[in-house]
Each structure stands twice: as C-alpha cells, then as structure tokens.
There are 2 protein chains.
Amino acid sequence: MRRMKFHPTTEDLELPAVLHALSDPHRLRIVRALADEPTPRRCGSFDLDVTKSTLTHHFRVLREAGVIDQRVDGTARLNSLRREDLERRFPGLLDAVLASAPVA
Amino acid sequence: MRRMKFHPTTEDLELPAVLHALSDPHRLRIVRALADEPTPRRCGSFDLDVTKSTLTHHFRVLREAGVIDQRVDGTARLNSLRREDLERRFPGLLDAVLASAPVA
DNA sequence: TCGCTAATACGACGACCATCGTACCAAAGT
DNA sequence: ACTTTGGTACGATGGTCGTCGTATTAGCGA
C-alpha cells in the first residue's frame, strides 16, 4: 500500500508547522478522531461540515506538517496519526493536545 | 501595577488560539525566553529582528490567546508566562512545547 | 466499457496575518 | 517644560489561509 508523497522525516518535523497544523478546529477534530480510533480511516469518514476540496486541503496540511500518514488504498486515502514520530520529536505534545477538552 | 486589558480568563483559554499563538517562530522565542528567565521582562528586551510595531503585534497575540500576562510599569510592559493557567487548562502542553529543541 | 466512488488539481475569493512606517502617547528624568 | 524612553494606534502592503466550485484522475465493480 503505497505512501503518498511529501511526508517529512521524523527529524525534519518542525514545531511551528506542527502547531500551526493543529491550530485549526477542523484539523484538530480530525486528529482527535484518529487518536480515538487507531484504525486508519478514509478522508471522507470524518463528519466535518466542509466540502471535499477543503477536506483535501486540511489533510494535506496535516500530512506536510508530519502529523498524519497517508497511504493510497484503491481510490481511498487511509489516514493515521504519526504518534511515534511525533512523540520522539516532541515528547508529550500530542498527548497534551489530545488531553484538552474537545473543541465545541 | 495595573494589568493590561483583554486577558482571557483561565476557563476561556482556547486551544486553537493558543496553538496558533505558539506557531510563530518569533512568538515561540519570546515564550522560551520568558520560560528560561521567570523574571518579568520588557517587550524590548527580547532580541528579535523586527520593528517595535511588529513586536507590539506579537505580544498582543500572545496576551489575547492567554499565553502571557502583561502589566503596566511606567512606560514599560512587563511580560510573564501564564504557566499555572496554561497548565490548569492544557496540562503538559507548555512543557512539551518548551522541551522541544529551540528554533533555529 | 461504462459508470461510480474517493479524492486531487486548479483557480478564485475574501479574510486574516506578519510586517513596516509614521504618528502618537504616557511616564520618568533633567 | 522639554526630552527621552518604551510602547501603542493606525494604515498600508504583500503574502498566506480557509473556503468553495468545477474539472479531472485513479481505481473498482457491473
């Protein structure tokens, strides 16, 4: 199952980019959902009130910041959190973000 | 020593706003500096290569997100981190951010 | 082959952002 | 009162961001 292009390596993860990726409520909801259910999920399976193209945009921001991993599975893209990579590079950061109360 | 206006209360701190405030390299450097030296510091005492008005902008973003506290002391503004408030609202978040390698 | 599905590509739009320059203000020192 | 100091207010500018619509592509199934 092929990996999509432009995933930063673990060492290349940059804190400002990660924080910016997480600073959008929609993207934050995606990350929470991925953390709650560790099974890789399709882009369309997140109940966000935006169009498909906007969704594509948000997933790209998350991927290029190194927050998520995207793999090609037929016509779908399977998304998963890069928990280990984030933990190695920014210990405790993701857990702290996930621990805060869900966004309204 | 009077507090400046528009400090959000602890309960009103919002994660996206805090993450956005921390996602700028200049502001990140300010926060690191405030964490390293807990004595309240003047806005001008941070060695950032931006003009005064830009500096004012960054400090306002940090204050309105609830990351820092700004008090009026004569002509100066004394800045300090809202560590306890941030810790209560988003446990571990600030420590995780500060623990990561400094920005180049 | 002919759709159907899931997502991307591209272009557009308004909003916001970081930055700056200039003008201004308030406190402190002389 | 004048000057200096530390910072704010305001307006402008160029760039990025979130959003959308439309067109397009890749894979799957009938």
# chains A, B, ... in the order shown; residues from 1 in each chain; ligands from 1

call {"tool": "residues_around", "arguments": {"residues": "DA12 in chain D", "least_positions_apart": "6", "cutoff": "12 Å", "atoms": "only C-alpha atoms (C1' of nucleotides)", "output": "compact mmCIF listing (two decimals) with all heavy atoms, in the first residue's frame"}}
result
# COMPACT_ATOMS: atom_id res chain seq x y z
P DT C 19 6.92 38.70 11.36
OP1 DT C 19 8.17 37.97 11.06
OP2 DT C 19 6.47 38.91 12.74
O5' DT C 19 7.00 40.11 10.63
C5' DT C 19 7.26 40.19 9.24
C4' DT C 19 7.03 41.59 8.73
O4' DT C 19 5.61 41.87 8.73
C3' DT C 19 7.62 42.70 9.59
O3' DT C 19 8.92 43.03 9.12
C2' DT C 19 6.65 43.88 9.40
C1' DT C 19 5.49 43.27 8.63
N1 DT C 19 4.17 43.66 9.18
C2 DT C 19 3.42 44.56 8.49
O2 DT C 19 3.78 45.06 7.44
N3 DT C 19 2.21 44.87 9.07
C4 DT C 19 1.70 44.36 10.24
O4 DT C 19 0.60 44.73 10.67
C5 DT C 19 2.55 43.43 10.93
C7 DT C 19 2.10 42.81 12.23
C6 DT C 19 3.72 43.12 10.37
P DC C 20 9.81 44.10 9.91
OP1 DC C 20 11.18 43.96 9.41
OP2 DC C 20 9.53 44.00 11.34
O5' DC C 20 9.24 45.49 9.38
C5' DC C 20 9.28 45.76 7.99
C4' DC C 20 8.47 47.01 7.68
O4' DC C 20 7.10 46.79 8.05
C3' DC C 20 8.91 48.23 8.46
O3' DC C 20 9.71 49.06 7.63
C2' DC C 20 7.61 48.92 8.87
C1' DC C 20 6.51 48.04 8.32
N1 DC C 20 5.39 47.81 9.28
C2 DC C 20 4.15 48.40 9.04
O2 DC C 20 4.01 49.09 8.03
N3 DC C 20 3.13 48.19 9.92
C4 DC C 20 3.34 47.43 10.99
N4 DC C 20 2.31 47.25 11.83
C5 DC C 20 4.60 46.81 11.25
C6 DC C 20 5.59 47.03 10.37
P DG C 21 10.48 50.34 8.29
OP1 DG C 21 11.65 50.63 7.42
OP2 DG C 21 10.68 50.14 9.73
O5' DG C 21 9.40 51.50 8.11
C5' DG C 21 8.79 51.72 6.84
C4' DG C 21 7.88 52.94 6.90
O4' DG C 21 6.64 52.59 7.54
C3' DG C 21 8.45 54.11 7.70
O3' DG C 21 8.11 55.34 7.06
C2' DG C 21 7.78 53.98 9.06
C1' DG C 21 6.43 53.37 8.71
N9 DG C 21 5.92 52.47 9.74
C8 DG C 21 6.63 51.52 10.44
N7 DG C 21 5.91 50.86 11.30
C5 DG C 21 4.64 51.40 11.17
C6 DG C 21 3.44 51.07 11.85
O6 DG C 21 3.25 50.22 12.73
N1 DG C 21 2.38 51.87 11.41
C2 DG C 21 2.47 52.84 10.44
N2 DG C 21 1.35 53.50 10.16
N3 DG C 21 3.59 53.15 9.80
C4 DG C 21 4.63 52.39 10.21
P DT C 22 8.80 56.69 7.58
OP1 DT C 22 9.21 57.43 6.37
OP2 DT C 22 9.78 56.39 8.64
O5' DT C 22 7.58 57.46 8.25
C5' DT C 22 6.31 57.45 7.61
C4' DT C 22 5.23 57.85 8.60
O4' DT C 22 4.89 56.72 9.42
C3' DT C 22 5.64 58.98 9.55
O3' DT C 22 4.76 60.07 9.36
C2' DT C 22 5.53 58.36 10.95
C1' DT C 22 4.60 57.19 10.71
N1 DT C 22 4.82 56.05 11.65
C2 DT C 22 3.75 55.53 12.33
O2 DT C 22 2.62 55.97 12.22
N3 DT C 22 4.05 54.48 13.17
C4 DT C 22 5.30 53.92 13.38
O4 DT C 22 5.45 52.99 14.15
C5 DT C 22 6.38 54.51 12.63
C7 DT C 22 7.76 53.97 12.77
C6 DT C 22 6.09 55.53 11.80

call {"tool": "residues_around", "arguments": {"residues": "range 46-48 of chain B", "least_positions_apart": "2", "cutoff": "9 Å", "atoms": "only C-alpha atoms (C1' of nucleotides)", "output": "list in words"}}
result
His26, Arg29, Ile30, Ala33, Arg41, Arg42, Cys43, Gly44, Val50, Thr51 and Leu55 of chain B

call {"tool": "write_last_selection", "arguments": {"atoms": "all heavy atoms", "output": "short mmCIF file (atom, residue, chain, number, x, y, z; two decimals), in the first residue's frame"}}
result
data_model
loop_
_atom_site.label_atom_id
_atom_site.label_comp_id
_atom_site.auth_asym_id
_atom_site.auth_seq_id
_atom_site.Cartn_x
_atom_site.Cartn_y
_atom_site.Cartn_z
N HIS B 26 8.89 33.74 16.02
CA HIS B 26 9.21 34.87 16.90
C HIS B 26 8.53 34.73 18.25
O HIS B 26 9.15 34.90 19.30
CB HIS B 26 8.78 36.19 16.25
CG HIS B 26 9.66 36.61 15.12
ND1 HIS B 26 9.18 37.19 13.97
CD2 HIS B 26 10.99 36.51 14.95
CE1 HIS B 26 10.20 37.44 13.16
NE2 HIS B 26 11.30 37.04 13.73
N ARG B 29 10.02 32.12 20.38
CA ARG B 29 11.26 32.55 21.01
C ARG B 29 10.96 33.40 22.24
O ARG B 29 11.65 33.29 23.26
CB ARG B 29 12.11 33.33 20.02
CG ARG B 29 13.59 33.07 20.19
CD ARG B 29 14.30 32.88 18.88
NE ARG B 29 14.34 34.09 18.07
CZ ARG B 29 14.58 34.09 16.77
NH1 ARG B 29 14.82 32.95 16.16
NH2 ARG B 29 14.60 35.20 16.10
N ILE B 30 9.96 34.24 22.14
CA ILE B 30 9.57 35.05 23.29
C ILE B 30 9.16 34.15 24.45
O ILE B 30 9.59 34.34 25.60
CB ILE B 30 8.39 35.99 22.91
CG1 ILE B 30 8.87 37.07 21.91
CG2 ILE B 30 7.78 36.62 24.14
CD1 ILE B 30 7.74 37.89 21.30
N ALA B 33 12.11 32.43 26.02
CA ALA B 33 12.89 33.37 26.82
C ALA B 33 12.19 33.63 28.16
O ALA B 33 12.83 33.65 29.21
CB ALA B 33 13.07 34.68 26.06
N ARG B 41 9.80 40.54 31.98
CA ARG B 41 10.71 41.30 31.13
C ARG B 41 9.98 42.30 30.24
O ARG B 41 8.85 42.06 29.81
CB ARG B 41 11.50 40.33 30.23
CG ARG B 41 12.47 39.46 31.01
CD ARG B 41 13.13 38.44 30.11
NE ARG B 41 13.80 39.06 28.97
CZ ARG B 41 14.54 38.38 28.10
NH1 ARG B 41 14.70 37.07 28.26
NH2 ARG B 41 15.13 38.99 27.10
N ARG B 42 10.66 43.36 29.91
CA ARG B 42 10.12 44.35 28.99
C ARG B 42 10.02 43.79 27.58
O ARG B 42 10.79 42.90 27.20
CB ARG B 42 11.02 45.58 28.96
CG ARG B 42 10.95 46.46 30.19
CD ARG B 42 11.79 47.71 30.01
NE ARG B 42 13.20 47.41 29.77
CZ ARG B 42 13.79 47.44 28.58
NH1 ARG B 42 13.09 47.79 27.51
NH2 ARG B 42 15.05 47.16 28.46
N CYS B 43 9.12 44.33 26.78
CA CYS B 43 8.94 43.89 25.40
C CYS B 43 10.23 44.07 24.60
O CYS B 43 10.59 43.23 23.78
CB CYS B 43 7.83 44.68 24.72
SG CYS B 43 6.19 44.39 25.41
N GLY B 44 10.92 45.17 24.86
CA GLY B 44 12.11 45.48 24.07
C GLY B 44 13.32 44.66 24.42
O GLY B 44 14.34 44.73 23.74
N VAL B 50 12.82 42.41 14.51
CA VAL B 50 11.63 43.04 13.94
C VAL B 50 11.48 44.43 14.53
O VAL B 50 12.10 44.76 15.54
CB VAL B 50 10.36 42.22 14.24
CG1 VAL B 50 10.34 40.92 13.45
CG2 VAL B 50 10.22 41.95 15.72
N THR B 51 10.64 45.22 13.90
CA THR B 51 10.45 46.59 14.39
C THR B 51 9.60 46.59 15.66
O THR B 51 9.01 45.59 16.04
CB THR B 51 9.74 47.43 13.33
OG1 THR B 51 8.45 46.88 13.10
CG2 THR B 51 10.52 47.45 12.04
N LEU B 55 6.69 43.97 17.07
CA LEU B 55 6.83 43.40 18.41
C LEU B 55 5.53 43.57 19.19
O LEU B 55 5.04 42.63 19.83
CB LEU B 55 7.98 44.12 19.12
CG LEU B 55 8.84 43.29 20.06
CD1 LEU B 55 9.37 42.06 19.35
CD2 LEU B 55 9.99 44.11 20.59
#

call {"tool": "closest_atom_pairs", "arguments": {"of": "chain D", "to": "chain A", "cutoff": "7 Å", "atoms": "only C-alpha atoms (C1' of nucleotides)", "output": "tab-separated table"}}
result
residue	atom	partner	partner_atom	distance
D:DT19	C1'	A:Thr54	CA	6.4
D:DA26	C1'	A:Thr75	CA	6.4
D:DG27	C1'	A:Thr75	CA	5.2

call {"tool": "interface_residues", "arguments": {"of": "chain C", "to": "chain A", "cutoff": "12 Å", "atoms": "only C-alpha atoms (C1' of nucleotides)", "output": "MDAnalysis selection string"}}
result
chainID C and resid 4:10

call {"tool": "write_last_selection", "arguments": {"atoms": "N, CA, C and O atoms (P, O5', C5', C4', C3', O3' and C1' of nucleotides)", "output": "PDB file, in the first residue's frame"}}
result
ATOM      1  P    DC C   4     -23.835   6.075 -12.570  1.00  0.00           P
ATOM      2  O5'  DC C   4     -22.912   5.789 -11.299  1.00  0.00           O
ATOM      3  C5'  DC C   4     -22.773   4.443 -10.848  1.00  0.00           C
ATOM      4  C4'  DC C   4     -21.643   4.372  -9.828  1.00  0.00           C
ATOM      5  C3'  DC C   4     -21.593   5.564  -8.871  1.00  0.00           C
ATOM      6  O3'  DC C   4     -21.565   5.055  -7.554  1.00  0.00           O
ATOM      7  C1'  DC C   4     -19.456   5.127  -9.795  1.00  0.00           C
ATOM      8  P    DT C   5     -21.763   6.065  -6.319  1.00  0.00           P
ATOM      9  O5'  DT C   5     -20.332   5.965  -5.608  1.00  0.00           O
ATOM     10  C5'  DT C   5     -19.631   4.732  -5.626  1.00  0.00           C
ATOM     11  C4'  DT C   5     -18.213   4.949  -5.132  1.00  0.00           C
ATOM     12  C3'  DT C   5     -18.063   6.088  -4.117  1.00  0.00           C
ATOM     13  O3'  DT C   5     -17.247   5.651  -3.057  1.00  0.00           O
ATOM     14  C1'  DT C   5     -16.578   6.418  -5.920  1.00  0.00           C
ATOM     15  P    DA C   6     -17.219   6.483  -1.681  1.00  0.00           P
ATOM     16  O5'  DA C   6     -15.761   7.107  -1.721  1.00  0.00           O
ATOM     17  C5'  DA C   6     -14.643   6.236  -1.789  1.00  0.00           C
ATOM     18  C4'  DA C   6     -13.397   7.048  -2.021  1.00  0.00           C
ATOM     19  C3'  DA C   6     -13.312   8.310  -1.159  1.00  0.00           C
ATOM     20  O3'  DA C   6     -12.107   8.285  -0.415  1.00  0.00           O
ATOM     21  C1'  DA C   6     -12.928   8.818  -3.454  1.00  0.00           C
ATOM     22  P    DA C   7     -11.776   9.428   0.640  1.00  0.00           P
ATOM     23  O5'  DA C   7     -10.880  10.424  -0.232  1.00  0.00           O
ATOM     24  C5'  DA C   7      -9.739   9.892  -0.872  1.00  0.00           C
ATOM     25  C4'  DA C   7      -9.319  10.763  -2.034  1.00  0.00           C
ATOM     26  C3'  DA C   7      -8.881  12.179  -1.664  1.00  0.00           C
ATOM     27  O3'  DA C   7      -7.469  12.259  -1.667  1.00  0.00           O
ATOM     28  C1'  DA C   7     -10.055  12.060  -3.739  1.00  0.00           C
ATOM     29  P    DT C   8      -6.726  13.621  -1.422  1.00  0.00           P
ATOM     30  O5'  DT C   8      -6.398  14.155  -2.883  1.00  0.00           O
ATOM     31  C5'  DT C   8      -5.695  13.322  -3.786  1.00  0.00           C
ATOM     32  C4'  DT C   8      -5.539  14.022  -5.119  1.00  0.00           C
ATOM     33  C3'  DT C   8      -4.838  15.376  -5.057  1.00  0.00           C
ATOM     34  O3'  DT C   8      -3.851  15.412  -6.079  1.00  0.00           O
ATOM     35  C1'  DT C   8      -6.904  15.594  -6.170  1.00  0.00           C
ATOM     36  P    DA C   9      -2.922  16.665  -6.279  1.00  0.00           P
ATOM     37  O5'  DA C   9      -3.699  17.565  -7.343  1.00  0.00           O
ATOM     38  C5'  DA C   9      -4.108  17.004  -8.587  1.00  0.00           C
ATOM     39  C4'  DA C   9      -4.335  18.110  -9.610  1.00  0.00           C
ATOM     40  C3'  DA C   9      -3.565  19.391  -9.374  1.00  0.00           C
ATOM     41  O3'  DA C   9      -3.219  19.947 -10.644  1.00  0.00           O
ATOM     42  C1'  DA C   9      -5.886  19.838  -9.194  1.00  0.00           C
ATOM     43  P    DC C  10      -2.271  21.210 -10.769  1.00  0.00           P
ATOM     44  O5'  DC C  10      -3.294  22.402 -11.029  1.00  0.00           O
ATOM     45  C5'  DC C  10      -4.357  22.214 -11.978  1.00  0.00           C
ATOM     46  C4'  DC C  10      -5.328  23.364 -11.912  1.00  0.00           C
ATOM     47  C3'  DC C  10      -4.708  24.705 -11.524  1.00  0.00           C
ATOM     48  O3'  DC C  10      -5.038  25.653 -12.506  1.00  0.00           O
ATOM     49  C1'  DC C  10      -6.642  24.286 -10.252  1.00  0.00           C
TER      50       DC C  10
END

call {"tool": "residues_around", "arguments": {"residues": "DC17 in chain C", "least_positions_apart": "5", "cutoff": "10 Å", "atoms": "only C-alpha atoms (C1' of nucleotides)", "output": "PDB file with N, CA, C and O atoms (P, O5', C5', C4', C3', O3' and C1' of nucleotides), in the first residue's frame"}}
result
ATOM      1  P    DG D  15       4.441  39.162  -2.223  1.00  0.00           P
ATOM      2  O5'  DG D  15       4.046  38.040  -1.175  1.00  0.00           O
ATOM      3  C5'  DG D  15       4.693  38.003   0.096  1.00  0.00           C
ATOM      4  C4'  DG D  15       3.867  37.186   1.063  1.00  0.00           C
ATOM      5  C3'  DG D  15       3.401  35.841   0.491  1.00  0.00           C
ATOM      6  O3'  DG D  15       3.804  34.803   1.369  1.00  0.00           O
ATOM      7  C1'  DG D  15       1.571  37.027   1.456  1.00  0.00           C
ATOM      8  P    DT D  16       3.767  33.274   0.849  1.00  0.00           P
ATOM      9  O5'  DT D  16       2.660  32.668   1.799  1.00  0.00           O
ATOM     10  C5'  DT D  16       2.752  32.891   3.209  1.00  0.00           C
ATOM     11  C4'  DT D  16       1.387  32.718   3.835  1.00  0.00           C
ATOM     12  C3'  DT D  16       0.739  31.359   3.533  1.00  0.00           C
ATOM     13  O3'  DT D  16       0.504  30.720   4.769  1.00  0.00           O
ATOM     14  C1'  DT D  16      -0.809  33.129   3.308  1.00  0.00           C
ATOM     15  P    DC D  17      -0.044  29.250   4.856  1.00  0.00           P
ATOM     16  O5'  DC D  17      -1.574  29.476   5.229  1.00  0.00           O
ATOM     17  C5'  DC D  17      -1.910  30.398   6.236  1.00  0.00           C
ATOM     18  C4'  DC D  17      -3.416  30.430   6.399  1.00  0.00           C
ATOM     19  C3'  DC D  17      -4.065  29.081   6.143  1.00  0.00           C
ATOM     20  O3'  DC D  17      -4.938  28.789   7.213  1.00  0.00           O
ATOM     21  C1'  DC D  17      -5.071  30.754   4.778  1.00  0.00           C
TER      22       DC D  17
END

call {"tool": "select_by_dssp", "arguments": {"residues": "chain B", "states": "helix (DSSP H, G or I)", "output": "JSON, numbers by chain"}}
result
{"B": [10, 11, 12, 15, 16, 17, 18, 19, 20, 21, 22, 25, 26, 27, 28, 29, 30, 31, 32, 33, 34, 35, 36, 43, 44, 45, 52, 53, 54, 55, 56, 57, 58, 59, 60, 61, 62, 63, 64, 65, 83, 84, 85, 86, 87, 88, 89, 93, 94, 95, 96, 97, 98, 99]}

call {"tool": "select_by_dssp", "arguments": {"residues": "chain B", "states": "strand (DSSP E or B)", "output": "list of chain:residue names"}}
result
B:Arg3, B:Arg41, B:Arg42, B:Ile68, B:Asp69, B:Gln70, B:Arg71, B:Val72, B:Asp73, B:Ala76, B:Arg77, B:Leu78, B:Asn79, B:Ser80, B:Leu81

call {"tool": "write_last_selection", "arguments": {"atoms": "C-alpha atoms", "output": "PDB file, in the first residue's frame"}}
result
ATOM      1  CA  ARG B   3      -2.876  44.703  34.248  1.00  0.00           C
ATOM      2  CA  ARG B  41      10.713  41.299  31.127  1.00  0.00           C
ATOM      3  CA  ARG B  42      10.120  44.352  28.994  1.00  0.00           C
ATOM      4  CA  ILE B  68       1.351  35.750  28.612  1.00  0.00           C
ATOM      5  CA  ASP B  69       0.385  38.311  31.204  1.00  0.00           C
ATOM      6  CA  GLN B  70       1.193  41.956  30.541  1.00  0.00           C
ATOM      7  CA  ARG B  71       1.345  44.570  33.267  1.00  0.00           C
ATOM      8  CA  VAL B  72       1.935  48.283  33.002  1.00  0.00           C
ATOM      9  CA  ASP B  73       5.021  49.518  34.814  1.00  0.00           C
ATOM     10  CA  ALA B  76       7.228  49.634  30.152  1.00  0.00           C
ATOM     11  CA  ARG B  77       5.095  46.496  29.810  1.00  0.00           C
ATOM     12  CA  LEU B  78       6.236  43.654  32.000  1.00  0.00           C
ATOM     13  CA  ASN B  79       5.637  40.276  30.403  1.00  0.00           C
ATOM     14  CA  SER B  80       5.379  36.963  32.157  1.00  0.00           C
ATOM     15  CA  LEU B  81       4.220  33.497  31.194  1.00  0.00           C
TER      16      LEU B  81
END

call {"tool": "atom_distance", "arguments": {"atom1": "C1' of DC16 in chain C", "atom2": "CA of Phe6 in chain B"}}
result
19.7 Å

call {"tool": "atom_distance", "arguments": {"atom1": "C1' of DA28 in chain C", "atom2": "CA of Val61 in chain B"}}
result
28.2 Å

call {"tool": "closest_atom_pairs", "arguments": {"of": "chain A", "to": "chain B", "cutoff": "9 Å", "atoms": "only C-alpha atoms", "output": "JSON lines"}}
result
{"residue": "A:Glu14", "atom": "CA", "partner": "B:Val103", "partner_atom": "CA", "distance": 8.5}
{"residue": "A:Leu15", "atom": "CA", "partner": "B:Ser23", "partner_atom": "CA", "distance": 7.3}
{"residue": "A:Pro16", "atom": "CA", "partner": "B:Ser23", "partner_atom": "CA", "distance": 4.3}
{"residue": "A:Ala17", "atom": "CA", "partner": "B:Ser23", "partner_atom": "CA", "distance": 6.7}
{"residue": "A:Val18", "atom": "CA", "partner": "B:Ser23", "partner_atom": "CA", "distance": 7.7}
{"residue": "A:Leu19", "atom": "CA", "partner": "B:Ser23", "partner_atom": "CA", "distance": 5.1}
{"residue": "A:His20", "atom": "CA", "partner": "B:Ser23", "partner_atom": "CA", "distance": 5.1}
{"residue": "A:Ala21", "atom": "CA", "partner": "B:Ser23", "partner_atom": "CA", "distance": 8.8}
{"residue": "A:Leu22", "atom": "CA", "partner": "B:Leu19", "partner_atom": "CA", "distance": 6.8}
{"residue": "A:Ser23", "atom": "CA", "partner": "B:Pro16", "partner_atom": "CA", "distance": 4.2}
{"residue": "A:Asp24", "atom": "CA", "partner": "B:Pro16", "partner_atom": "CA", "distance": 5.9}
{"residue": "A:Pro25", "atom": "CA", "partner": "B:Pro16", "partner_atom": "CA", "distance": 6.4}
{"residue": "A:Leu28", "atom": "CA", "partner": "B:Pro16", "partner_atom": "CA", "distance": 8.1}
{"residue": "A:Arg89", "atom": "CA", "partner": "B:Ser100", "partner_atom": "CA", "distance": 7.3}
{"residue": "A:Phe90", "atom": "CA", "partner": "B:Ser100", "partner_atom": "CA", "distance": 5.6}
{"residue": "A:Pro91", "atom": "CA", "partner": "B:Ala96", "partner_atom": "CA", "distance": 6.2}
{"residue": "A:Gly92", "atom": "CA", "partner": "B:Ala96", "partner_atom": "CA", "distance": 5.4}
{"residue": "A:Leu93", "atom": "CA", "partner": "B:Ala96", "partner_atom": "CA", "distance": 4.9}
{"residue": "A:Leu94", "atom": "CA", "partner": "B:Leu93", "partner_atom": "CA", "distance": 8.4}
{"residue": "A:Asp95", "atom": "CA", "partner": "B:Gly92", "partner_atom": "CA", "distance": 8.2}
{"residue": "A:Ala96", "atom": "CA", "partner": "B:Leu93", "partner_atom": "CA", "distance": 4.9}
{"residue": "A:Val97", "atom": "CA", "partner": "B:Leu93", "partner_atom": "CA", "distance": 6.6}
{"residue": "A:Ala99", "atom": "CA", "partner": "B:Phe90", "partner_atom": "CA", "distance": 7.4}
{"residue": "A:Ser100", "atom": "CA", "partner": "B:Phe90", "partner_atom": "CA", "distance": 5.5}
{"residue": "A:Ala101", "atom": "CA", "partner": "B:Phe90", "partner_atom": "CA", "distance": 8.5}
{"residue": "A:Val103", "atom": "CA", "partner": "B:Leu15", "partner_atom": "CA", "distance": 7.9}

call {"tool": "atom_distance", "arguments": {"atom1": "CA of Leu62 in chain A", "atom2": "CA of Glu84 in chain A"}}
result
15.4 Å
